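Notes to accompany the following structure.
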Number of protein chains: 2
Amino acid sequence: MKDKTFLMIPGPTPVPESVMLEIAKHPIGHRSSEFSSVLSEVYENLKYVFQTKNDVFLYTSSGTGAMCAALENLINPGDKVLCLSIGNFGNRWAKIAQSRGAEVEKIEVEPGKVIEPEVLRKRLENDKNKEIKIITLTHSETSTGAANDVKALCSIIREHGAVSVVDGVTSVCAMPCKPDEWGIDVLISGSQKGFMIPPGLAFLTASERAWKVYEQCKYPSFYFDWGAYKKSTQANSTPFTPAVNLIVGLNTALKMIKEEGIDNVNARHKRYALALRAAIRALNLKLLVEDDKNASYAITSILPPEGISVPDIRKILKQDYDIVVANGQNQLKDKIFRMGTLGFVCERDLIAAVGALEAALLKLGHVFTPGNGVTTLIAELNK
Amino acid sequence: MKDKTFLMIPGPTPVPESVMLEIAKHPIGHRSSEFSSVLSEVYENLKYVFQTKNDVFLYTSSGTGAMCAALENLINPGDKVLCLSIGNFGNRWAKIAQSRGAEVEKIEVEPGKVIEPEVLRKRLENDKNKEIKIITLTHSETSTGAANDVKALCSIIREHGAVSVVDGVTSVCAMPCKPDEWGIDVLISGSQKGFMIPPGLAFLTASERAWKVYEQCKYPSFYFDWGAYKKSTQANSTPFTPAVNLIVGLNTALKMIKEEGIDNVNARHKRYALALRAAIRALNLKLLVEDDKNASYAITSILPPEGISVPDIRKILKQDYDIVVANGQNQLKDKIFRMGTLGFVCERDLIAAVGALEAALLKLGHVFTPGNGVTTLIAELNK
């Protein structure tokens with residue numbers, strides 16, 4: 001049987017049929033009043049989902065494009081940037097900062113761990129001359145499934161005075177993320193994650209404090225220029241021809257999110273992730289992120305049992321059940337597999353996935369009580 | 001009646017149903033072997049359409065993104081860049097170069113005119129010390145419908161030794177454009193034009209000479225970095241999560257172009273544009289680009305008759321016939337209207353458009369022999 005693949009990777013994530021049907025419509029003119037009406041709704045609802053009073057810019061790009069849109073509008077060569085890295089995407093901030101000539105310092109932790117607020121507080125206390133201008137961090141680290149306490153970290157950064165730049169690619173929608181309330185200066189995200197649409201769009205919102213740093217940026221990015229985007233966004237337009245079809249789909253997806261309510265969407269992701277984590281433990285498997293309080297609600301990283309390989313688990317899930325889970329990245333390749341529970345996922349999907357994982361593990365000779373995963377999952381979901 | 005809009009703007013252009021149905025499929029994983037096979041075909045067919053042996057990079061961005069991808073991988077602050085501008089998109093090259101700190105010199109002409117090769121030759125003869133490092137030009141200028149003789153201009157640039165950077169956004173597919181044969185160093189284009197797919201993808205190909213300049217670029221763009229794209233392209237992959245759905249659609253569109261044959265596709269666009277130009281003249285209307293030899297085969301800019309306004313013509317075409325034609329941009333607003341004949345356009349579409357234009361002009365009181373436009377069009381198409 002074909003065409004029945006279910007993606008449980010951290011993105012692309014499942015897309016609702018109603019969204020796909022919108023995307024399938026013939027593109028309309030990007031300078032038409034019809035498209036301007038679509039943008040007007042999209043911009044309003046993006047503010048709602050991002051829980052901010054500031055504009056949210058809509059870029060036609062990958063999520064990495066929005067990361068560039070953040071740093072390339074802030075950094076001048078020689079600026080000191082502190083990158084708090086808990087995985088590959090934390091390291092990507094550092095690479096982008098370096099690509100603009102910044103002087104980069106990294107605080108790194110081992111995979112699965114998070115940045116302890118006290119570690120950041122001590123580092124910033126030592127920055128007597130306020131040399132650090134920008135601090136990058138990751139909310140939900142897609143490569144490990146760990147999640148930083150962004151609220152605590154950004155509060156410390158606000159006290160210091162640097163500008164905080166947060167990767168919310170897999171956190172926005174999946175976890176509470178409140179830029180205005182928490183003092184996040186720049187927050188970015190991507191479409192193929194909690195937003196339930198295919199890849200190709202990315203988002204950015206910036207605080208007034210960030211805008212002051214932008215104004216000092218000597219060579220802001222042309223394609224991602226905040227100034228041009230601000231002007232267009234406020235006119236329900238875009239500076240350049242955008243991915244019209246994806247935006248029409250986004251409009252439908254945002255309405256679905258608004259109807260469910262962003263707090264309910266966040267709570268659903270939390271319930272799913274914690275239930276999945278309990279089910280994994282009930283199968284005698286270990287989680288890369290041991291403590292629930294450090295866990296992303298978007299991605300769960302699982303260690304294979306001793307003697308059983310990640311490729312074998314992934315292969316059986318794909319061949320027998322047409323479920324795609326992700327391998328680890330870089331040094332975590334074949335050390336973990338990652339299950340995404342992000343976006344358009346329902347309880348039935350989780351039951352199917354945990355049941356299929358049980359079947360794969362049984363086939364591979366792992367020792368556990370069959371049924372324990374699914375029953376634990378259901379019990380936790382109903383708590 | 002709804003849902004019957006026909007776009008005759010310079011982009012987005014009409015998209016075949018078979019392409020839209022591909023785009024409507026659920027996204028597949030961008031790191032799957034299935035998607036890698038799609039990319040393998042796409043990369044091969046992009047080389048065919050671009051008529052180059054070099055890699056063609058596939059960016060998730062607007063066409064302007066590819067313009068940035070060109071200059072942001074070449075320019076260091078202080079570099080001297082000569083911008084040959086015949087309209088808005090020629091000016092955009094200058095703005096992007098300035099955004100990277102280049103010292104920009106412009107050669108400009110009035111709207112509808114092109115750069116005479118002799119003008120360029122003289123300017124470059126005066127550049128005794130070879131200070132000019134990069135020269136930007138536009139093949140088909142979307143804002144006016146004029147087309148430069150890229151072959152002649154690039155040959156002069158090659159003699160001088162600067163790197164030529166060509167905007168082929170509305171020319172690739174619509175007009176012969178041969179980077180390897182003509183010595184174009186960097187050529188870019190966009191998806192919502194001759195490629196017959198919705199906006200959101202852009203393309204770039206670079207010569208060996210351009211790569212040498214890239215190697216000297218101190219802060220190449222991270223998102224558009226040629227080095228990262230080269231590595232990924234050669235591995236049938238992409239550096240970042242791309243617009244999967246649009247790429248799957250592109251694969252179908254490229255196969256359609258290949259089946260027709262790129263020379264035939266070019267010839268079709270030429271035949272259509274010249275027939276439309278003859279029909280416009282037969283309606284006693286004036287063309288902004290007077291001489292056929294300077295005309296783009298993608299866009300035709302038409303002056304309204306005296307006493308009749310561009311908004312009125314556009315309004316009747318939209319209201320009575322659901323045909324969208326573009327207004328002029330900036331200083332050409334309400335001075336011209338532009339008809340796109342780019343991509344998935346057939347003879348029937350042209351007959352309908354010219355017939356509808358006749359009807360609109362009659363309604364507005366323009367004096368011409370009714371039927372002259374359509375009969376001239378058909379006669380020219382059958383020549």
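The way I read the labels, and the way they are meant: chains A, B, ... in the order of the structure tokens, residue 1 as the first residue of every chain, and ligand 1 as the first ligand shown, with later ones counted on from there.
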Find the spatial neighbours of range 18-28 of chain B, counting only C-alpha atoms, within a cut-off of 6 Å - ignore same-chain residues fewer than 3 positions away - and output them as a ChimeraX atom specification. /A:20,24 /B:245-246,249,252
Name all residues at most 9 Å from Ser155 in chain A (count only C-alpha atoms; drop same-chain ones fewer than 6 positions away) and give them as a VMD selection string. chain A and resid 182 to 184
Pick out the chain A residues within 8 Å of chain B. Count only C-alpha atoms. Give them as a CSV table (one decimal) with C-alpha atoms, in the first residue's frame.
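After the write, part-v5.csv holds the following:
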chain,number,residue,atom,x,y,z
A,7,LEU,CA,5.8,11.5,9.5
A,9,ILE,CA,10.0,13.4,12.4
A,11,GLY,CA,9.6,18.4,10.5
A,12,PRO,CA,8.0,18.4,8.0
A,14,PRO,CA,1.6,16.2,9.3
A,15,VAL,CA,-0.5,18.8,7.3
A,20,MET,CA,-3.3,21.0,1.6
A,21,LEU,CA,-6.4,21.7,-0.5
A,23,ILE,CA,-2.2,25.1,-1.1
A,24,ALA,CA,-3.4,23.2,-4.2
A,25,LYS,CA,-5.3,26.2,-5.5
A,26,HIS,CA,-3.9,28.2,-8.4
A,27,PRO,CA,-1.7,31.0,-7.1
A,28,ILE,CA,-3.3,34.4,-7.0
A,29,GLY,CA,-1.5,37.7,-7.8
A,30,HIS,CA,0.7,38.7,-4.8
A,60,THR,CA,9.8,32.9,2.2
A,61,SER,CA,12.7,30.7,3.4
A,62,SER,CA,13.7,27.8,5.6
A,63,GLY,CA,13.8,28.2,9.3
A,64,THR,CA,17.5,28.8,9.0
A,65,GLY,CA,16.6,31.8,6.8
A,68,CYS,CA,19.9,34.6,9.5
A,96,ILE,CA,25.7,32.4,11.5
A,99,SER,CA,29.6,34.4,9.2
A,100,ARG,CA,29.0,38.1,10.0
A,101,GLY,CA,32.3,38.6,11.6
A,198,PRO,CA,4.7,22.4,4.5
A,199,PRO,CA,8.2,23.9,4.7
A,200,GLY,CA,9.0,27.2,2.9
A,219,TYR,CA,25.0,46.2,6.5
A,220,PRO,CA,21.6,44.7,7.4
A,221,SER,CA,20.5,41.8,5.2
A,222,PHE,CA,18.7,43.0,2.0
A,223,TYR,CA,16.5,39.9,1.6
A,240,PHE,CA,9.2,40.5,-2.6
A,241,THR,CA,7.1,37.9,-4.3
A,242,PRO,CA,6.3,35.5,-1.5
A,243,ALA,CA,5.3,31.8,-1.5
A,244,VAL,CA,1.7,32.7,-2.2
A,245,ASN,CA,0.3,29.1,-2.0
Identify, on the basis of only C-alpha atoms, every residue whose closest approach to Ala174 in chain A does not exceed 7 Å; exclude the query and any residue fewer than 5 positions from it along the same chain; express the result as a PDB file with C-alpha atoms, in the first residue's frame.
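Generated file (part_6.pdb):
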ATOM      1  CA  GLY A 194       3.854  23.490  14.948  1.00  0.00           C
ATOM      2  CA  VAL A 265      -2.564  23.808  21.644  1.00  0.00           C
ATOM      3  CA  ASN A 266       0.374  24.189  24.048  1.00  0.00           C
ATOM      4  CA  HIS A 269       1.570  19.114  23.077  1.00  0.00           C
ATOM      5  CA  TYR A 297       7.098  18.881  23.981  1.00  0.00           C
ATOM      6  CA  ALA A 298       7.848  18.706  20.275  1.00  0.00           C
ATOM      7  CA  LEU A 342       4.486  18.335  16.721  1.00  0.00           C
TER       8      LEU A 342
END
What parts of range 37-228 of chain A does DSSP call strand (DSSP E or B)? I'd like the answer as a PyMOL selection string. chain A and resi 56-60+80-85+103-108+132-138+140-141+146-147+163-167+186-190+201-206
One-decimal distance in Å that lies between CA of Ile351 in chain A and CA of Ala275 in chain A: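 We find that CA of Ala275 in chain A and CA of Ile351 in chain A lie 10.3 Å from each other.
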Within 12 Å of Leu362 in chain A, counting only C-alpha atoms, which residues show up once you throw out same-chain ones fewer than 2 positions away? Write them as number ranges by chain, please. A: 283, 305, 308, 313, 316-317, 355-360, 364-371, 373
Between B:Pro111, B:Gly328, B:Gly168, B:Gly343, single out the one closest to Ser85 in chain B, counting only C-alpha atoms.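 Comparing B:Pro111, B:Gly328, B:Gly168, B:Gly343 against Ser85 in chain B, the winner is B:Pro111.
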Compile the contact shell of range 79-84 of chain B as a list in words: residues with an atom at most 9 Å away, counting only C-alpha atoms, same-chain residues fewer than 5 positions apart removed.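 Residues meeting the cut-off are Gly90, Asn91, Trp93, Ala94, Ala97, Gly101, Ala102, Glu103, Val104, Glu105, Lys106, Ile107, Glu108, Val109, Ile115, Leu120, Glu131, Ile132, Lys133, Ile134, Ile135, Thr136, Leu137 and Thr138 of chain B.
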Keeping only C-alpha atoms, write those residues as a CSV table (one decimal), in the first residue's frame.
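File written: part_10.csv
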chain,number,residue,atom,x,y,z
B,90,GLY,CA,18.3,46.7,-12.6
B,91,ASN,CA,18.1,49.2,-9.8
B,93,TRP,CA,21.0,45.0,-8.2
B,94,ALA,CA,22.5,48.3,-7.2
B,97,ALA,CA,25.4,45.8,-3.9
B,101,GLY,CA,29.1,48.1,1.2
B,102,ALA,CA,30.1,48.1,-2.5
B,103,GLU,CA,31.0,51.2,-4.3
B,104,VAL,CA,28.3,51.3,-7.0
B,105,GLU,CA,28.3,53.0,-10.3
B,106,LYS,CA,25.2,52.9,-12.5
B,107,ILE,CA,24.6,53.2,-16.2
B,108,GLU,CA,20.9,53.9,-16.7
B,109,VAL,CA,18.6,54.4,-19.7
B,115,ILE,CA,22.0,49.1,-22.8
B,120,LEU,CA,29.4,49.4,-22.1
B,131,GLU,CA,38.9,48.6,-10.9
B,132,ILE,CA,35.4,47.3,-11.8
B,133,LYS,CA,35.1,43.9,-10.2
B,134,ILE,CA,31.5,42.9,-10.8
B,135,ILE,CA,29.0,44.0,-13.5
B,136,THR,CA,25.3,43.4,-13.0
B,137,LEU,CA,22.7,43.4,-15.7
B,138,THR,CA,19.1,42.4,-16.4
Can you pull out every residue within 12 Å of Asp263 in chain B, counting only C-alpha atoms, but drop anything in the same chain fewer than 3 positions away, and send it as a PyMOL selection string? chain B and resi 48-51+172-178+257-260+266-270
For the selection just defined, write its residues with N, CA and C atoms to a file, as a CSV table (one decimal), in the first residue's frame.
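Result saved to selection_23.csv:
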chain,number,residue,atom,x,y,z
B,48,TYR,N,19.8,21.3,-17.6
B,48,TYR,CA,19.3,21.2,-19.0
B,48,TYR,C,18.6,22.6,-19.3
B,49,VAL,N,17.7,23.0,-18.5
B,49,VAL,CA,17.0,24.3,-18.8
B,49,VAL,C,17.9,25.5,-18.7
B,50,PHE,N,18.9,25.5,-17.8
B,50,PHE,CA,19.8,26.6,-17.7
B,50,PHE,C,21.0,26.4,-18.8
B,51,GLN,N,20.9,25.3,-19.5
B,51,GLN,CA,21.9,25.1,-20.6
B,51,GLN,C,23.4,25.3,-20.0
B,172,VAL,N,14.8,33.2,-18.4
B,172,VAL,CA,15.1,31.8,-18.5
B,172,VAL,C,13.8,31.1,-18.8
B,173,CYS,N,13.8,30.3,-19.9
B,173,CYS,CA,12.7,29.6,-20.5
B,173,CYS,C,12.0,30.5,-21.6
B,174,ALA,N,11.9,31.8,-21.3
B,174,ALA,CA,11.2,32.6,-22.3
B,174,ALA,C,12.1,33.0,-23.4
B,175,MET,N,13.4,33.1,-23.2
B,175,MET,CA,14.3,33.6,-24.2
B,175,MET,C,15.6,32.7,-24.2
B,176,PRO,N,16.3,32.6,-25.3
B,176,PRO,CA,17.5,31.9,-25.2
B,176,PRO,C,18.4,32.5,-24.2
B,177,CYS,N,19.0,31.8,-23.4
B,177,CYS,CA,19.9,32.3,-22.3
B,177,CYS,C,21.0,31.2,-22.0
B,178,LYS,N,22.2,31.4,-22.5
B,178,LYS,CA,23.2,30.3,-22.5
B,178,LYS,C,24.4,30.7,-21.7
B,257,ILE,N,8.9,20.8,-19.5
B,257,ILE,CA,9.8,21.6,-20.3
B,257,ILE,C,10.7,20.8,-21.2
B,258,LYS,N,11.3,19.8,-20.5
B,258,LYS,CA,12.3,18.9,-21.2
B,258,LYS,C,11.6,18.2,-22.4
B,259,GLU,N,10.3,17.8,-22.2
B,259,GLU,CA,9.6,17.0,-23.2
B,259,GLU,C,9.4,17.9,-24.4
B,260,GLU,N,9.0,19.2,-24.1
B,260,GLU,CA,8.8,20.1,-25.2
B,260,GLU,C,10.1,20.5,-25.9
B,266,ASN,N,11.6,28.2,-25.8
B,266,ASN,CA,12.1,29.6,-26.2
B,266,ASN,C,11.4,30.1,-27.4
B,267,ALA,N,11.3,29.2,-28.5
B,267,ALA,CA,10.7,29.7,-29.8
B,267,ALA,C,9.2,30.0,-29.6
B,268,ARG,N,8.5,29.2,-28.8
B,268,ARG,CA,7.1,29.4,-28.5
B,268,ARG,C,6.9,30.8,-27.9
B,269,HIS,N,7.8,31.1,-26.9
B,269,HIS,CA,7.6,32.4,-26.2
B,269,HIS,C,7.9,33.6,-27.2
B,270,LYS,N,8.9,33.4,-28.1
B,270,LYS,CA,9.2,34.4,-29.1
B,270,LYS,C,8.0,34.6,-30.0
Surrounding residues of range 38-47 of chain A excluding itself and chain neighbours under 6 positions, 8 Å, only C-alpha atoms, as an MDAnalysis selection string: chainID A and resid 53:57 233 236:237 247:248 250:251 254:255 258
Provide the CA of Phe89 in chain A to CA of Asp127 in chain A distance in Å, to one decimal place.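 Going from CA of Phe89 in chain A over to CA of Asp127 in chain A covers 24.9 Å.
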Could you state the separation of CA of Arg281 in chain A and CA of Asn372 in chain A in Å, given to one decimal place? 9.5 Å
Using only C-alpha atoms, find the one residue out of A:Gln216, A:Thr144, A:Gln319, A:Thr375 that sits nearest to Asn294 in chain A.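 Of all the options, A:Thr144 lies closest to Asn294 in chain A.
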